[in-house]
$ cat structure_23.cif   # mmCIF, C-alpha atoms and all ligand atoms
data_upload
loop_
_atom_site.label_atom_id
_atom_site.label_comp_id
_atom_site.auth_asym_id
_atom_site.auth_seq_id
_atom_site.Cartn_x
_atom_site.Cartn_y
_atom_site.Cartn_z
CA MET A 214 10.82 -50.71 -62.71
CA PRO A 215 12.46 -47.53 -61.51
CA GLY A 216 10.08 -44.87 -60.27
CA LEU A 217 9.59 -41.52 -61.92
CA ARG A 218 11.71 -39.87 -59.26
CA GLU A 219 14.69 -42.10 -60.00
CA GLU A 220 14.29 -41.44 -63.71
CA MET A 221 14.20 -37.74 -63.02
CA ALA A 222 17.39 -37.92 -60.98
CA HIS A 223 19.33 -38.87 -64.08
CA LEU A 224 18.09 -36.00 -66.18
CA GLU A 225 20.24 -33.01 -66.84
CA LEU A 226 19.39 -30.10 -64.60
CA PRO A 227 18.17 -27.80 -67.41
CA LEU A 228 15.67 -30.50 -68.42
CA LEU A 229 14.52 -30.93 -64.84
CA ILE A 230 13.97 -27.18 -64.71
CA LYS A 231 11.96 -27.18 -67.95
CA TYR A 232 9.72 -29.93 -66.57
CA GLY A 233 9.51 -28.42 -63.12
CA VAL A 234 8.32 -24.88 -63.66
CA LEU A 235 5.40 -23.18 -65.32
CA PRO A 236 6.02 -22.28 -68.98
CA GLU A 237 6.10 -18.57 -68.24
CA GLU A 238 8.87 -19.02 -65.65
CA LYS A 239 11.00 -21.34 -67.74
CA GLU A 240 13.34 -18.71 -69.11
CA LYS A 241 13.93 -16.97 -65.79
CA ALA A 242 14.45 -20.30 -64.05
CA LEU A 243 17.09 -21.31 -66.60
CA ALA A 244 18.83 -17.97 -66.12
CA VAL A 245 19.21 -18.74 -62.41
CA TYR A 246 20.78 -22.06 -63.34
CA GLU A 247 23.10 -20.31 -65.80
CA LYS A 248 24.18 -17.90 -63.07
CA TYR A 249 25.11 -20.73 -60.70
CA ARG A 250 26.19 -23.43 -63.14
CA PHE A 251 29.86 -23.23 -62.15
CA SER A 252 29.16 -23.65 -58.46
CA ALA A 253 29.05 -27.34 -57.62
CA ALA A 254 27.25 -26.64 -54.34
CA ALA A 255 24.57 -24.51 -56.00
CA VAL A 256 24.01 -27.06 -58.76
CA SER A 257 23.58 -29.83 -56.15
CA LEU A 258 21.02 -27.70 -54.35
CA LEU A 259 19.09 -26.83 -57.51
CA ARG A 260 19.15 -30.45 -58.61
CA CYS A 261 17.80 -31.59 -55.26
CA TYR A 262 15.07 -28.95 -55.43
CA TYR A 263 13.97 -29.62 -59.00
CA SER A 264 14.12 -33.41 -58.79
CA ASP A 265 11.76 -33.38 -55.83
CA LEU A 266 9.78 -30.14 -55.78
CA PRO A 267 8.49 -29.59 -52.23
CA GLU A 268 4.73 -30.20 -52.11
CA ALA A 269 4.93 -30.58 -55.90
CA ARG A 270 4.71 -26.81 -56.14
CA GLU A 271 5.76 -25.81 -59.63
CA GLU A 272 7.70 -22.76 -58.55
CA MET A 273 11.01 -21.65 -59.93
CA ALA A 274 14.07 -21.25 -57.71
CA ILE A 275 14.85 -17.54 -57.60
CA ASP A 276 17.96 -17.46 -55.46
CA LEU A 277 20.16 -19.36 -53.03
CA LYS A 278 21.15 -17.66 -49.79
CA ILE A 279 23.79 -18.66 -47.29
CA VAL A 280 22.60 -18.83 -43.68
CA ALA A 281 25.66 -20.40 -42.10
CA SER A 282 28.64 -22.45 -43.07
CA ARG A 283 30.80 -24.51 -40.79
CA GLN A 284 33.16 -27.46 -41.11
CA GLY A 285 32.35 -28.07 -44.74
CA ALA A 286 28.56 -28.00 -44.21
CA ASP A 287 26.30 -25.18 -45.35
CA LEU A 288 22.81 -24.09 -44.42
CA VAL A 289 21.23 -22.59 -47.51
CA VAL A 290 17.85 -20.99 -48.12
CA LEU A 291 16.36 -21.64 -51.53
CA GLN A 292 13.89 -18.91 -52.37
CA SER A 293 11.20 -19.99 -54.80
CA THR A 294 8.45 -17.84 -56.27
CA ARG A 295 6.36 -18.02 -53.11
CA HIS A 296 8.25 -20.08 -50.55
CA ASP A 297 11.58 -20.23 -48.76
CA TYR A 298 13.12 -23.61 -47.99
CA ILE A 299 16.12 -24.50 -45.86
CA TYR A 300 18.56 -27.08 -47.15
CA LEU A 301 21.58 -28.67 -45.55
CA HIS A 302 24.47 -29.12 -47.95
CA SER A 303 27.54 -31.14 -47.12
CA ASP A 304 30.00 -32.99 -49.37
CA GLY A 305 27.73 -32.70 -52.40
CA GLN A 306 24.84 -34.21 -50.41
CA VAL A 307 21.73 -32.09 -50.04
CA VAL A 308 18.83 -32.55 -47.62
CA LEU A 309 15.66 -30.49 -47.45
CA LEU A 310 15.08 -29.50 -43.82
CA GLY A 311 11.76 -27.77 -44.38
CA GLU A 312 10.29 -24.36 -44.89
CA PHE A 313 12.35 -21.47 -43.59
CA LYS A 314 9.37 -20.06 -41.68
CA ASN A 315 9.34 -23.21 -39.52
CA GLY A 316 12.96 -22.77 -38.49
CA ILE A 317 15.25 -25.64 -37.54
CA LYS A 318 14.22 -28.17 -34.93
CA ASP A 319 16.94 -30.79 -35.30
CA GLU A 320 19.24 -30.36 -32.32
CA SER A 321 22.35 -31.82 -33.88
CA ILE A 322 22.03 -29.47 -36.86
CA LEU A 323 21.45 -26.49 -34.55
CA ARG A 324 24.49 -27.50 -32.51
CA HIS A 325 26.69 -27.97 -35.55
CA PHE A 326 26.01 -24.42 -36.69
CA GLN A 327 26.40 -23.10 -33.13
CA TYR A 328 22.79 -22.17 -32.48
CA LYS A 329 21.85 -22.69 -28.86
CA ASN A 330 18.23 -23.51 -29.67
CA PRO A 331 15.53 -22.78 -32.30
CA ASP A 332 15.05 -19.24 -30.93
CA ASP A 333 18.76 -18.54 -31.19
CA PHE A 334 18.51 -19.48 -34.86
CA TRP A 335 15.87 -16.77 -35.36
CA GLU A 336 17.84 -14.22 -33.39
CA LYS A 337 20.92 -14.76 -35.52
CA THR A 338 19.25 -15.26 -38.86
CA GLY A 339 16.37 -12.84 -38.71
CA THR A 340 12.83 -13.73 -39.69
CA SER A 341 13.27 -13.12 -43.41
CA PRO A 342 16.02 -14.54 -45.65
CA ALA A 343 15.91 -11.40 -47.81
CA HIS A 344 19.00 -9.82 -46.21
CA LEU A 345 21.14 -12.98 -46.31
CA PRO A 346 24.02 -13.08 -48.80
CA SER A 347 23.46 -15.01 -52.02
CA MET A 348 25.68 -17.97 -52.72
CA HIS A 349 28.80 -17.18 -54.64
CA ALA A 350 28.28 -17.59 -58.40
CA PRO A 351 31.69 -18.19 -60.04
CA GLU A 352 32.16 -17.34 -63.72
CA ALA A 353 34.10 -20.48 -64.46
CA THR A 354 34.44 -23.85 -62.81
CA ALA A 355 35.57 -23.01 -59.32
CA SER A 356 37.68 -25.33 -57.28
CA PRO A 357 35.80 -26.69 -54.28
CA GLY A 358 38.19 -24.68 -52.14
CA VAL A 359 36.22 -21.49 -52.61
CA CYS A 360 34.17 -19.83 -49.90
CA VAL A 361 30.52 -20.61 -50.69
CA ALA A 362 29.38 -17.23 -49.46
CA CYS A 363 31.88 -14.63 -50.63
CA GLY A 364 33.78 -16.63 -53.23
CA VAL A 365 37.36 -16.05 -52.11
CA ALA A 366 39.92 -18.77 -52.67
CA ALA A 367 41.71 -20.69 -49.93
CA GLY A 368 44.33 -18.54 -48.23
CA GLU A 369 42.51 -15.28 -48.97
CA LEU A 370 40.66 -12.94 -46.66
CA HIS A 371 36.88 -13.17 -46.77
CA ILE A 372 34.95 -10.15 -47.93
CA LEU A 373 34.23 -8.41 -44.62
CA GLY A 374 30.79 -9.39 -43.34
CA CYS A 375 30.99 -12.85 -44.91
CA PRO A 376 29.09 -15.27 -42.65
CA VAL A 377 31.84 -17.87 -43.03
CA GLU A 378 34.62 -15.68 -41.58
CA GLN A 379 35.79 -16.74 -38.16
CA CYS A 380 36.46 -14.24 -35.40
CA PRO A 381 40.17 -14.16 -34.40
CA TRP A 382 39.26 -13.39 -30.78
CA CYS A 383 36.56 -15.93 -29.95
CA GLU A 384 36.69 -18.12 -33.08
CA ALA A 385 32.90 -18.08 -33.52
CA GLN A 386 31.24 -16.56 -36.60
CA LEU A 387 32.59 -13.04 -36.88
CA SER A 388 29.27 -11.77 -38.22
CA HIS A 389 27.49 -13.04 -35.09
CA CYS A 390 29.80 -12.71 -32.11
CA ASN A 391 30.01 -9.85 -29.61
CA CYS A 392 33.70 -9.12 -30.06
CA ARG A 393 33.17 -5.94 -32.07
CA PHE A 394 31.47 -4.37 -29.07
CA ASP A 395 34.08 -5.67 -26.64
CA GLN A 396 36.97 -4.54 -28.81
CA LEU A 397 35.56 -1.07 -29.40
CA GLY A 398 34.45 -0.80 -25.79
CA VAL A 399 30.98 0.31 -26.81
CA GLY A 400 27.47 -0.95 -26.21
CA THR A 401 26.16 -0.13 -29.66
CA ILE A 402 27.71 0.65 -33.00
CA GLU A 403 26.37 3.92 -34.28
CA ASP A 404 28.39 4.87 -37.33
CA ASP A 405 30.67 3.69 -40.08
CA GLN A 406 33.72 5.18 -38.36
CA GLN A 407 33.31 2.66 -35.56
CA LEU A 408 33.11 -0.13 -38.10
CA ASP A 409 36.25 1.21 -39.79
CA ARG A 410 38.00 1.27 -36.44
CA PHE A 411 36.90 -2.28 -35.79
CA GLU A 412 38.25 -3.33 -39.17
CA LEU A 413 41.59 -1.83 -38.19
CA LEU A 414 41.63 -3.66 -34.86
CA LEU A 415 40.72 -6.80 -36.72
CA GLU A 416 43.60 -6.40 -39.12
CA ARG A 417 46.01 -5.77 -36.25
CA LYS A 418 44.82 -8.89 -34.50
CA GLY A 419 45.11 -10.82 -37.75
CA ARG A 420 42.02 -11.88 -39.65
CA ILE A 421 41.48 -15.57 -40.20
CA ARG A 422 41.82 -16.41 -43.87
CA PHE A 423 39.52 -18.84 -45.64
CA LYS A 424 40.78 -22.36 -45.67
CA SER A 425 39.23 -25.07 -47.71
CA GLY A 426 36.81 -27.16 -45.61
CA GLN A 427 37.30 -24.80 -42.66
CA ASN A 428 37.21 -27.02 -39.67
CA PRO A 429 38.00 -25.21 -36.50
CA SER A 430 36.83 -26.84 -33.31
CA TYR A 431 35.80 -23.82 -31.39
CA PRO A 432 33.55 -23.61 -28.39
CA THR A 433 30.16 -21.99 -28.75
CA ALA A 434 30.45 -18.27 -28.16
CA GLY A 435 28.46 -16.77 -25.34
CA ASN A 436 25.89 -14.22 -26.32
CA ASP A 437 25.45 -13.69 -29.98
CA PRO A 438 23.54 -10.83 -31.57
CA PRO A 439 22.27 -11.06 -35.15
CA PRO A 440 24.83 -10.46 -37.94
CA PHE A 441 26.44 -7.05 -37.58
CA SER A 442 23.53 -5.78 -35.57
CA ASP A 443 23.86 -2.51 -33.76
CA GLU A 444 23.35 -3.80 -30.26
CA PRO A 445 24.88 -6.60 -28.24
CA ASP A 446 22.70 -9.18 -26.50
CA LYS A 447 21.25 -8.19 -23.18
ZN ZN A 501 33.71 -15.95 -47.26
ZN ZN A 502 34.33 -12.99 -31.60
#

$ encode --input "structure_23.cif" --output "structure tokens" --more "lines below"
Ligand SMILES: [Zn+2]
Ligand SMILES: [Zn+2]
Amino acid sequence: MPGLREEMAHLELPLLIKYGVLPEEKEKALAVYEKYRFSAAAVSLLRCYYSDLPEAREEMAIDLKIVASRQGADLVVLQSTRHDYIYLHSDGQVVLLGEFKNGIKDESILRHFQYKNPDDFWEKTGTSPAHLPSMHAPEATASPGVCVACGVAAGELHILGCPVEQCPWCEAQLSHCNCRFDQLGVGTIEDDQQLDRFELLLERKGRIRFKSGQNPSYPTAGNDPPPFSDEPDK
């Protein structure tokens, strides 16, 4: 006889949500599903979450945040009422890695997303997922060739600051690398004018457009500060 979990896996996501959350959260939880229903990646993540609630906590999923995205795989934080979980999403497959507060220990996952070690993950990501960008929520069925973070189509420029955009100088994540300091010849970025100037330099160099399943094989960049932080690594 199939177990309850297998039975649950066949249920429609809205039903899983109704069973999974407390009655008072039901409506809000369904609204989150409605928001993301046209994103195949988000639906896979929500389905994985609701068909196997971590620690059987009956908490609704509030939002999905993109930590990193590389070669068709995404690291996503699912924020629930009281917890943050990290999931690995790739090709429609979703794996729960654990609670965000525990970071990532798996070396091959760290390496894939270009983190040198667990501390490097914290340095780049920050200790709270609050500032991370939400997953893109398309208004109609989006082709899979859409950036999971900023939602642009293949061949388009990312929205500046998108964690998926690659740096045209070093080919690492543009939101993490040190090139903005090197290109501007400054040690810290103090105002918006500098950022504007960097944007100009970036356009002159030629920004790297989103391609479906982005799979550059770039070397790990040297010293990486957190996303668009004001100071380079020491
Ligand atoms: Zn993007
Ligand atoms: Zn760079």

$ closest_atom_pairs --input "structure_23.cif" --of "chain A" --to "ligand ZN 501 (chain A)" --cutoff "10 Å" --atoms "only C-alpha atoms and all ligand atoms" --output "Markdown table"
| residue | atom | partner | partner_atom | distance |
| --- | --- | --- | --- | --- |
| A:Ser282 | CA | A:ZN501 | ZN | 9.2 |
| A:Met348 | CA | A:ZN501 | ZN | 9.9 |
| A:His349 | CA | A:ZN501 | ZN | 8.9 |
| A:Val359 | CA | A:ZN501 | ZN | 8.1 |
| A:Cys360 | CA | A:ZN501 | ZN | 4.7 |
| A:Val361 | CA | A:ZN501 | ZN | 6.6 |
| A:Ala362 | CA | A:ZN501 | ZN | 5.0 |
| A:Cys363 | CA | A:ZN501 | ZN | 4.1 |
| A:Gly364 | CA | A:ZN501 | ZN | 6.0 |
| A:Val365 | CA | A:ZN501 | ZN | 6.1 |
| A:Ala366 | CA | A:ZN501 | ZN | 8.7 |
| A:Ala367 | CA | A:ZN501 | ZN | 9.7 |
| A:Glu369 | CA | A:ZN501 | ZN | 9.0 |
| A:Leu370 | CA | A:ZN501 | ZN | 7.6 |
| A:His371 | CA | A:ZN501 | ZN | 4.2 |
| A:Ile372 | CA | A:ZN501 | ZN | 6.0 |
| A:Leu373 | CA | A:ZN501 | ZN | 8.0 |
| A:Gly374 | CA | A:ZN501 | ZN | 8.2 |
| A:Cys375 | CA | A:ZN501 | ZN | 4.7 |
| A:Pro376 | CA | A:ZN501 | ZN | 6.6 |
| A:Val377 | CA | A:ZN501 | ZN | 5.0 |
| A:Glu378 | CA | A:ZN501 | ZN | 5.8 |
| A:Gln379 | CA | A:ZN501 | ZN | 9.4 |
| A:Arg422 | CA | A:ZN501 | ZN | 8.8 |
| A:Phe423 | CA | A:ZN501 | ZN | 6.7 |
| A:Lys424 | CA | A:ZN501 | ZN | 9.7 |

$ closest_residue --input "structure_23.cif" --among "A:Pro381, A:Pro267, A:Pro346, A:Pro331" --to "ligand ZN 502 (chain A)" --atoms "all atoms listed in the file"
A:Pro381

$ closest_residue --input "structure_23.cif" --among "A:Ala385, A:Val280, A:Ala269, A:Ala353" --to "Thr338 (chain A)" --atoms "all atoms listed in the file"
A:Val280

$ residues_near_ligand --input "structure_23.cif" --ligand "ligand ZN 502 (chain A)" --cutoff "8 Å" --atoms "only C-alpha atoms and all ligand atoms" --output "VMD selection string"
chain A and resid 379 to 387 389 to 393 434

$ closest_residue --input "structure_23.cif" --among "A:Val399, A:Leu301, A:Leu414, A:Leu277" --to "Ser347 (chain A)" --atoms "only C-alpha atoms"
A:Leu277

$ closest_residue --input "structure_23.cif" --among "A:Asp276, A:Asp287, A:Glu268, A:Glu412" --to "His325 (chain A)" --atoms "only C-alpha atoms"
A:Asp287

$ atom_distance --input "structure_23.cif" --atom1 "CA of Ser388 (chain A)" --atom2 "CA of Lys337 (chain A)"
9.3 Å

$ residues_around --input "structure_23.cif" --residues "His296 (chain A)" --least-positions-apart "5" --cutoff "9 Å" --atoms "all atoms listed in the file" --output "list of chain:residue names"
A:Glu272, A:Leu291, A:Glu312, A:Phe313, A:Lys314

$ atom_distance --input "structure_23.cif" --atom1 "CA of Ile317 (chain A)" --atom2 "CA of Lys278 (chain A)"
15.8 Å

$ residues_around --input "structure_23.cif" --residues "Leu310 (chain A)" --least-positions-apart "5" --cutoff "10 Å" --atoms "all atoms listed in the file" --output "PDB file with C-alpha atoms, in the frame of the given file"
ATOM      1  CA  LEU A 288      22.810 -24.090 -44.420  1.00  0.00           C
ATOM      2  CA  VAL A 289      21.230 -22.590 -47.510  1.00  0.00           C
ATOM      3  CA  VAL A 290      17.850 -20.990 -48.120  1.00  0.00           C
ATOM      4  CA  TYR A 298      13.120 -23.610 -47.990  1.00  0.00           C
ATOM      5  CA  ILE A 299      16.120 -24.500 -45.860  1.00  0.00           C
ATOM      6  CA  TYR A 300      18.560 -27.080 -47.150  1.00  0.00           C
ATOM      7  CA  LEU A 301      21.580 -28.670 -45.550  1.00  0.00           C
ATOM      8  CA  ASN A 315       9.340 -23.210 -39.520  1.00  0.00           C
ATOM      9  CA  GLY A 316      12.960 -22.770 -38.490  1.00  0.00           C
ATOM     10  CA  ILE A 317      15.250 -25.640 -37.540  1.00  0.00           C
ATOM     11  CA  LYS A 318      14.220 -28.170 -34.930  1.00  0.00           C
ATOM     12  CA  ASP A 319      16.940 -30.790 -35.300  1.00  0.00           C
ATOM     13  CA  ILE A 322      22.030 -29.470 -36.860  1.00  0.00           C
TER      14      ILE A 322
END

$ atom_distance --input "structure_23.cif" --atom1 "CA of Thr294 (chain A)" --atom2 "CA of Leu228 (chain A)"
19.0 Å

$ closest_residue --input "structure_23.cif" --among "A:Ala244, A:Ala254, A:Leu345, A:Cys261" --to "Leu229 (chain A)" --atoms "all atoms listed in the file"
A:Cys261

$ closest_residue --input "structure_23.cif" --among "A:Asp332, A:Glu238, A:Asp304, A:Glu352" --to "Phe251 (chain A)" --atoms "only C-alpha atoms"
A:Glu352

$ residues_near_point --input "structure_23.cif" --point "(9.7, -30.9, -55.7)" --cutoff "12 Å" --atoms "all atoms listed in the file" --output "list in words"
Arg218, Met221, Ala222, Leu229, Ile230, Tyr232, Gly233, Val234, Leu258, Leu259, Arg260, Cys261, Tyr262, Tyr263, Ser264, Asp265, Leu266, Pro267, Glu268, Ala269, Arg270, Glu271, Glu272, Met273, Ala274, Ser293, Tyr298, Leu309 and Gly311 of chain A

$ axis_aligned_box --input "structure_23.cif" --around "region 336-354 of chain A" --padding-each-side "8 Å" --output "lines of an AutoDock Vina configuration file"
center_x = 23.6
center_y = -16.8
center_z = -48.9
size_x = 37.6
size_y = 30.0
size_z = 47.1

$ residues_near_point --input "structure_23.cif" --point "(22.8, -19.3, -62.4)" --cutoff "10 Å" --atoms "only C-alpha atoms" --output "ChimeraX atom specification"
/A:241-252,255-256,259,275-277,350-352
